[in-house]
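Colleague: Handing over data.txt, compact mmCIF, C-alpha atoms.
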# COMPACT_ATOMS: atom_id res chain seq x y z
CA MET A 1 3.20 -0.49 21.36
CA ALA A 2 1.81 2.83 20.11
CA SER A 3 4.12 5.57 18.86
CA SER A 4 4.33 9.02 20.49
CA GLU A 5 2.41 10.40 17.50
CA THR A 6 -0.34 7.85 18.08
CA SER A 7 -0.72 8.68 21.75
CA SER A 8 -0.46 12.47 21.52
CA THR A 9 -2.12 13.62 18.29
CA LEU A 10 -5.76 13.67 17.26
CA ILE A 11 -5.17 11.56 14.18
CA GLY A 12 -3.06 9.14 16.21
CA ALA A 13 -5.90 8.77 18.69
CA LEU A 14 -8.47 8.23 15.93
CA TRP A 15 -6.41 6.06 13.58
CA SER A 16 -3.62 4.47 15.55
CA VAL A 17 -0.43 2.81 14.40
CA ASP A 18 1.10 0.04 16.48
CA ALA A 19 3.50 -2.88 16.21
CA GLY A 20 0.83 -4.96 14.47
CA THR A 21 0.20 -2.45 11.68
CA THR A 22 1.55 -3.68 8.34
CA ARG A 23 3.61 -1.53 5.98
CA LEU A 24 0.78 -1.50 3.46
CA GLU A 25 -1.67 -0.32 6.12
CA LYS A 26 0.76 2.41 7.19
CA LEU A 27 1.22 3.54 3.59
CA PHE A 28 -2.55 3.60 3.03
CA ARG A 29 -3.05 5.62 6.22
CA ILE A 30 -0.36 8.16 5.33
CA THR A 31 -1.67 8.54 1.77
CA VAL A 32 -5.28 9.08 2.84
CA LEU A 33 -4.36 11.55 5.59
CA ALA A 34 -1.90 13.50 3.45
CA LEU A 35 -4.37 13.86 0.58
CA ALA A 36 -7.14 14.86 3.00
CA GLY A 37 -4.82 17.46 4.51
CA THR A 38 -3.84 18.94 1.16
CA ALA A 39 -7.52 19.08 0.17
CA LEU A 40 -8.28 20.99 3.38
CA LEU A 41 -5.43 23.41 2.65
CA ALA A 42 -6.60 23.93 -0.93
CA ILE A 43 -10.16 24.69 0.23
CA SER A 44 -8.94 26.99 3.02
CA ALA A 45 -6.88 28.99 0.51
CA GLN A 46 -10.06 29.84 -1.40
CA ILE A 47 -12.03 30.99 1.66
CA SER A 48 -11.91 34.76 2.09
CA VAL A 49 -13.37 36.13 5.31
CA PRO A 50 -14.11 39.88 5.62
CA MET A 51 -11.73 41.32 8.19
CA TRP A 52 -10.27 44.71 9.06
CA PRO A 53 -8.02 46.05 7.58
CA VAL A 54 -7.86 43.32 4.89
CA PRO A 55 -9.82 40.11 4.20
CA MET A 56 -8.17 36.92 5.47
CA THR A 57 -7.96 33.44 4.03
CA MET A 58 -8.12 30.43 6.33
CA GLN A 59 -4.86 28.93 5.06
CA THR A 60 -2.70 29.63 8.10
CA PHE A 61 -5.48 28.31 10.33
CA ALA A 62 -5.49 25.06 8.37
CA VAL A 63 -1.68 24.82 8.50
CA VAL A 64 -1.44 25.01 12.29
CA LEU A 65 -4.40 22.68 12.75
CA ILE A 66 -2.88 20.08 10.43
CA GLY A 67 0.36 20.28 12.39
CA ALA A 68 -1.52 19.92 15.68
CA ALA A 69 -3.72 17.06 14.45
CA TYR A 70 -1.09 15.12 12.49
CA GLY A 71 2.14 15.61 14.45
CA TRP A 72 5.40 16.97 13.10
CA ARG A 73 6.33 14.28 10.55
CA LEU A 74 2.98 13.78 8.86
CA GLY A 75 1.98 17.42 9.33
CA GLY A 76 5.16 18.74 7.74
CA ALA A 77 5.04 16.13 4.97
CA THR A 78 1.40 16.94 4.20
CA VAL A 79 2.12 20.65 3.79
CA ALA A 80 5.19 19.84 1.67
CA LEU A 81 2.95 17.70 -0.55
CA TYR A 82 0.58 20.66 -0.82
CA LEU A 83 3.44 22.82 -2.13
CA ALA A 84 4.37 20.09 -4.60
CA GLU A 85 0.77 19.98 -5.85
CA GLY A 86 0.88 23.74 -6.40
CA ALA A 87 4.22 23.48 -8.19
CA MET A 88 2.65 20.95 -10.56
CA GLY A 89 0.03 23.54 -11.49
CA LEU A 90 -2.90 22.22 -9.46
CA PRO A 91 -5.13 25.13 -8.34
CA VAL A 92 -4.44 24.71 -4.63
CA PHE A 93 -2.97 28.12 -3.74
CA ALA A 94 -4.95 31.31 -3.19
CA ASN A 95 -3.74 32.46 -6.63
CA ALA A 96 -4.23 29.05 -8.35
CA GLY A 97 -0.91 27.18 -8.54
CA SER A 98 2.37 27.19 -10.41
CA VAL A 99 6.12 26.99 -9.93
CA ALA A 100 6.10 30.82 -10.11
CA SER A 101 4.17 30.88 -6.83
CA LEU A 102 7.13 29.17 -5.16
CA VAL A 103 9.65 31.78 -6.27
CA GLY A 104 7.54 34.95 -6.27
CA PRO A 105 7.18 37.57 -3.53
CA THR A 106 4.81 35.45 -1.40
CA ALA A 107 6.81 32.21 -1.63
CA GLY A 108 8.28 32.73 1.83
CA TYR A 109 4.87 32.26 3.41
CA LEU A 110 4.30 29.01 1.53
CA PHE A 111 7.63 27.48 2.55
CA ALA A 112 7.13 28.70 6.12
CA PHE A 113 3.87 26.70 6.18
CA VAL A 114 5.94 23.50 6.23
CA ALA A 115 8.11 24.65 9.12
CA ALA A 116 5.10 25.94 11.06
CA ALA A 117 3.13 22.70 10.70
CA ALA A 118 6.15 20.67 11.79
CA ALA A 119 6.86 22.95 14.76
CA VAL A 120 3.27 22.95 16.00
CA GLY A 121 3.13 19.17 15.49
CA ALA A 122 6.33 18.66 17.48
CA LEU A 123 5.00 20.74 20.37
CA VAL A 124 1.67 18.88 20.38
CA GLU A 125 3.53 15.56 20.45
CA LYS A 126 5.24 16.84 23.60
CA GLY A 127 1.82 17.37 25.20
CA TRP A 128 1.19 21.00 24.30
CA GLY A 129 -2.15 20.19 22.68
CA ARG A 130 -3.88 19.38 25.97
CA SER A 131 -3.18 22.63 27.85
CA LEU A 132 -4.98 25.84 26.88
CA PHE A 133 -1.93 27.96 27.67
CA LYS A 134 0.53 25.73 25.83
CA THR A 135 -1.83 25.27 22.88
CA THR A 136 -2.04 29.05 22.60
CA LEU A 137 1.76 29.34 22.68
CA ALA A 138 2.10 26.63 20.01
CA MET A 139 -0.36 28.39 17.71
CA ILE A 140 1.33 31.76 18.27
CA LEU A 141 4.71 30.22 17.49
CA GLY A 142 3.42 28.58 14.30
CA THR A 143 1.79 31.80 13.13
CA ALA A 144 4.91 33.83 13.98
CA MET A 145 7.03 31.41 11.93
CA ILE A 146 4.76 31.95 8.92
CA PHE A 147 5.00 35.72 9.24
CA ALA A 148 8.77 35.57 9.76
CA GLY A 149 9.36 33.39 6.70
CA GLY A 150 7.00 35.40 4.55
CA VAL A 151 8.35 38.81 5.53
CA ALA A 152 11.98 37.69 5.28
CA TRP A 153 11.49 36.53 1.68
CA LEU A 154 9.23 39.44 0.72
CA SER A 155 11.82 41.90 2.04
CA THR A 156 14.28 40.72 -0.64
CA PHE A 157 11.84 42.23 -3.17
CA THR A 158 10.62 45.29 -1.27
CA GLY A 159 12.96 45.98 1.66
CA VAL A 160 12.18 45.15 5.29
CA GLU A 161 10.06 48.19 6.15
CA LYS A 162 7.70 47.81 3.20
CA ALA A 163 7.56 44.04 3.68
CA LEU A 164 6.32 44.58 7.24
CA PHE A 165 3.75 47.14 6.13
CA VAL A 166 2.31 45.05 3.30
CA GLY A 167 3.10 41.52 4.44
CA MET A 168 2.52 41.47 8.19
CA TYR A 169 0.89 44.47 9.86
CA PRO A 170 -2.40 44.29 7.88
CA PHE A 171 -2.73 40.59 8.76
CA LEU A 172 -2.07 40.73 12.51
CA VAL A 173 -5.73 41.10 13.50
CA GLY A 174 -6.73 38.18 11.28
CA GLY A 175 -3.80 36.16 12.60
CA ALA A 176 -4.95 36.74 16.18
CA VAL A 177 -8.50 35.67 15.29
CA LYS A 178 -7.24 32.47 13.65
CA ILE A 179 -5.02 31.67 16.66
CA ALA A 180 -8.02 32.07 18.97
CA LEU A 181 -10.13 29.89 16.68
CA ALA A 182 -7.46 27.16 16.56
CA VAL A 183 -7.09 27.25 20.34
CA ALA A 184 -10.87 26.87 20.67
CA VAL A 185 -11.16 24.07 18.10
CA LEU A 186 -8.39 21.80 19.40
CA PRO A 187 -9.83 21.07 22.87
CA MET A 188 -13.29 20.52 21.33
CA ALA A 189 -11.76 18.07 18.87
CA TRP A 190 -10.09 16.16 21.71
CA LYS A 191 -13.43 15.91 23.54
CA LEU A 192 -15.07 14.60 20.37
CA VAL A 193 -12.29 12.04 19.91
CA GLY A 194 -12.76 10.94 23.52
CA LYS A 195 -16.47 10.34 22.90
CA ILE A 196 -15.80 8.45 19.68
CA ARG A 197 -13.30 6.14 21.36
CA LYS A 198 -15.65 5.24 24.24
Kindly present the structure from the file in structure tokens form.
Modeller:
Amino acid sequence: MASSETSSTLIGALWSVDAGTTRLEKLFRITVLALAGTALLAISAQISVPMWPVPMTMQTFAVVLIGAAYGWRLGGATVALYLAEGAMGLPVFANAGSVASLVGPTAGYLFAFVAAAAAVGALVEKGWGRSLFKTTLAMILGTAMIFAGGVAWLSTFTGVEKALFVGMYPFLVGGAVKIALAVAVLPMAWKLVGKIRK
């Protein structure tokens, strides 16, 4: 019998887990998917797209997509592994990687990535990934969680007003573009999965 993650997520549909799957096969699957997800996040952190009023990276886009594609457990765990890689000094963050990145002014955004991926994944597992309206709401919620976590932590360094002006307002246009892109990509991915499985 397939799990809810298998039946409701893209990865579950492509690479299913059922009662006949051995522990070793499950471990191999989780390892491959988690490493692929962290590689995607690392690449997305280095992509800078010209945008008004500030350039945007594709990191938050990758976070919500990983949550949507992987489900809440694997999505959240993958992003947590990404933070661990950065803490070990691997150059996976936009500003390389170090423990300092996880305690500095922008650390709130990084930790909020985990919560956002898990939240989007949980909503998709409840069927929100198949409806345009609900997919949009899920992506908005995930993005809002990232902003909330980032601004809340940043405000401890700068105060709330300045945190909003430097840590959220300039990124709202880019955030809206990435939400729209994620909402467009997810249904296309489901169609592709449907063709592959035929």
Colleague: Within 9 Å of segment 181-192 of chain A, which residues of segment 18-118 of chain A show up? Give each one with its shortest atom-to-atom distance in Å (one decimal) and the two atoms involved, counting all atoms listed in the file, rows by chain then rising residue number, as JSON lines.
Modeller:
{"residue": "A:Phe61", "atom": "CA", "partner": "A:Ala182", "partner_atom": "CA", "distance": 6.6}
{"residue": "A:Ala62", "atom": "CA", "partner": "A:Ala182", "partner_atom": "CA", "distance": 8.7}
{"residue": "A:Val64", "atom": "CA", "partner": "A:Ala182", "partner_atom": "CA", "distance": 7.7}
{"residue": "A:Leu65", "atom": "CA", "partner": "A:Ala182", "partner_atom": "CA", "distance": 6.6}
{"residue": "A:Ala68", "atom": "CA", "partner": "A:Leu186", "partner_atom": "CA", "distance": 8.0}
{"residue": "A:Ala69", "atom": "CA", "partner": "A:Leu186", "partner_atom": "CA", "distance": 8.3}
Colleague: Would you pick out the contacts of Gly127 of chain A at 12 Å or less, using all atoms listed in the file, so that residues sharing its chain but fewer than 5 positions from it are not included, and give the list as a PyMOL selection string?
Modeller: chain A and resi 4-5+7-10+68+71+120-122+132-135+138
Colleague: Just the selected residues (C-alpha atoms), exported as a short mmCIF file (atom, residue, chain, number, x, y, z; two decimals), in the frame of the given file, please.
Modeller:
data_model
loop_
_atom_site.label_atom_id
_atom_site.label_comp_id
_atom_site.auth_asym_id
_atom_site.auth_seq_id
_atom_site.Cartn_x
_atom_site.Cartn_y
_atom_site.Cartn_z
CA SER A 4 4.33 9.02 20.49
CA GLU A 5 2.41 10.40 17.50
CA SER A 7 -0.72 8.68 21.75
CA SER A 8 -0.46 12.47 21.52
CA THR A 9 -2.12 13.62 18.29
CA LEU A 10 -5.76 13.67 17.26
CA ALA A 68 -1.52 19.92 15.68
CA GLY A 71 2.14 15.61 14.45
CA VAL A 120 3.27 22.95 16.00
CA GLY A 121 3.13 19.17 15.49
CA ALA A 122 6.33 18.66 17.48
CA LEU A 132 -4.98 25.84 26.88
CA PHE A 133 -1.93 27.96 27.67
CA LYS A 134 0.53 25.73 25.83
CA THR A 135 -1.83 25.27 22.88
CA ALA A 138 2.10 26.63 20.01
#
Colleague: Distance atom CA of Arg73 of chain A-atom CA of Ala117 of chain A, one decimal place?
Modeller: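 Calculated distance between atom CA of Arg73 of chain A and atom CA of Ala117 of chain A is 9.0 Å.
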Colleague: Would you be able to write out as a PyMOL selection string which residues have an atom within 12 Å of (-9.3, 26.7, -0.3) in the file's coordinates, counting only C-alpha atoms?
Modeller: chain A and resi 37-49+56-63+82+91-97
Colleague: Between atom CA of Phe147 of chain A and atom CA of Ala163 of chain A, measure the distance and give it in Å to one decimal.
Modeller: 10.3 Å
Colleague: I'd like to know which of A:Leu74, A:Pro55, A:Ala119, A:Ala13 is closest to Lys26 of chain A, using only C-alpha atoms.
Modeller: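 Of A:Leu74, A:Pro55, A:Ala119, A:Ala13, the one nearest Lys26 of chain A, counting only C-alpha atoms, is A:Leu74.
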Colleague: Measuring between all atoms listed in the file, which one of A:Gly150, A:Gly76, A:Gly142, A:Gly67 shows the shortest distance to Val103 of chain A?
Modeller: A:Gly150
Colleague: Work out how far apart atom CA of Gly175 of chain A and atom CA of Leu33 of chain A are and give it in Å to one decimal.
Modeller: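 Between atom CA of Gly175 of chain A and atom CA of Leu33 of chain A the gap is 25.6 Å.
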Colleague: When distances are computed from all atoms listed in the file, which of A:Leu83, A:Val166, A:Ile30, A:Ile66 shows the smallest separation from Met139 of chain A?
Modeller: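 Ranked by minimum distance to Met139 of chain A, first place goes to A:Ile66.
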Colleague: So which one's closest to Ala152 of chain A, A:Leu123, A:Ile179, A:Phe111, A:Pro50? Using only C-alpha atoms, please.
Modeller: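 Nearest candidate to Ala152 of chain A out of A:Leu123, A:Ile179, A:Phe111, A:Pro50: A:Phe111.
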Colleague: Rank A:Tyr70, A:Thr143, A:Met51, A:Glu85 by their smallest atom-to-atom distance to Arg29 of chain A, using only C-alpha atoms, and report the top residue only.
Modeller: A:Tyr70
Colleague: Hey, what's within 8 Å of Thr106 of chain A if we count all atoms listed in the file and toss same-chain stuff fewer than 5 positions away? As a list in words, please?
Modeller: Ser101, Gly150, Trp153 and Leu154 of chain A
Colleague: For the residues in the current selection, export C-alpha atoms as a PDB file, in the coordinates of the input.
Modeller:
ATOM      1  CA  SER A 101       4.170  30.880  -6.830  1.00  0.00           C
ATOM      2  CA  GLY A 150       7.000  35.400   4.550  1.00  0.00           C
ATOM      3  CA  TRP A 153      11.490  36.530   1.680  1.00  0.00           C
ATOM      4  CA  LEU A 154       9.230  39.440   0.720  1.00  0.00           C
TER       5      LEU A 154
END
Colleague: Measuring atom to atom with all atoms listed in the file, identify which of A:Leu81, A:Leu102, A:Ala116, A:Ile140 is nearest to Lys178 of chain A.
Modeller: A:Ile140
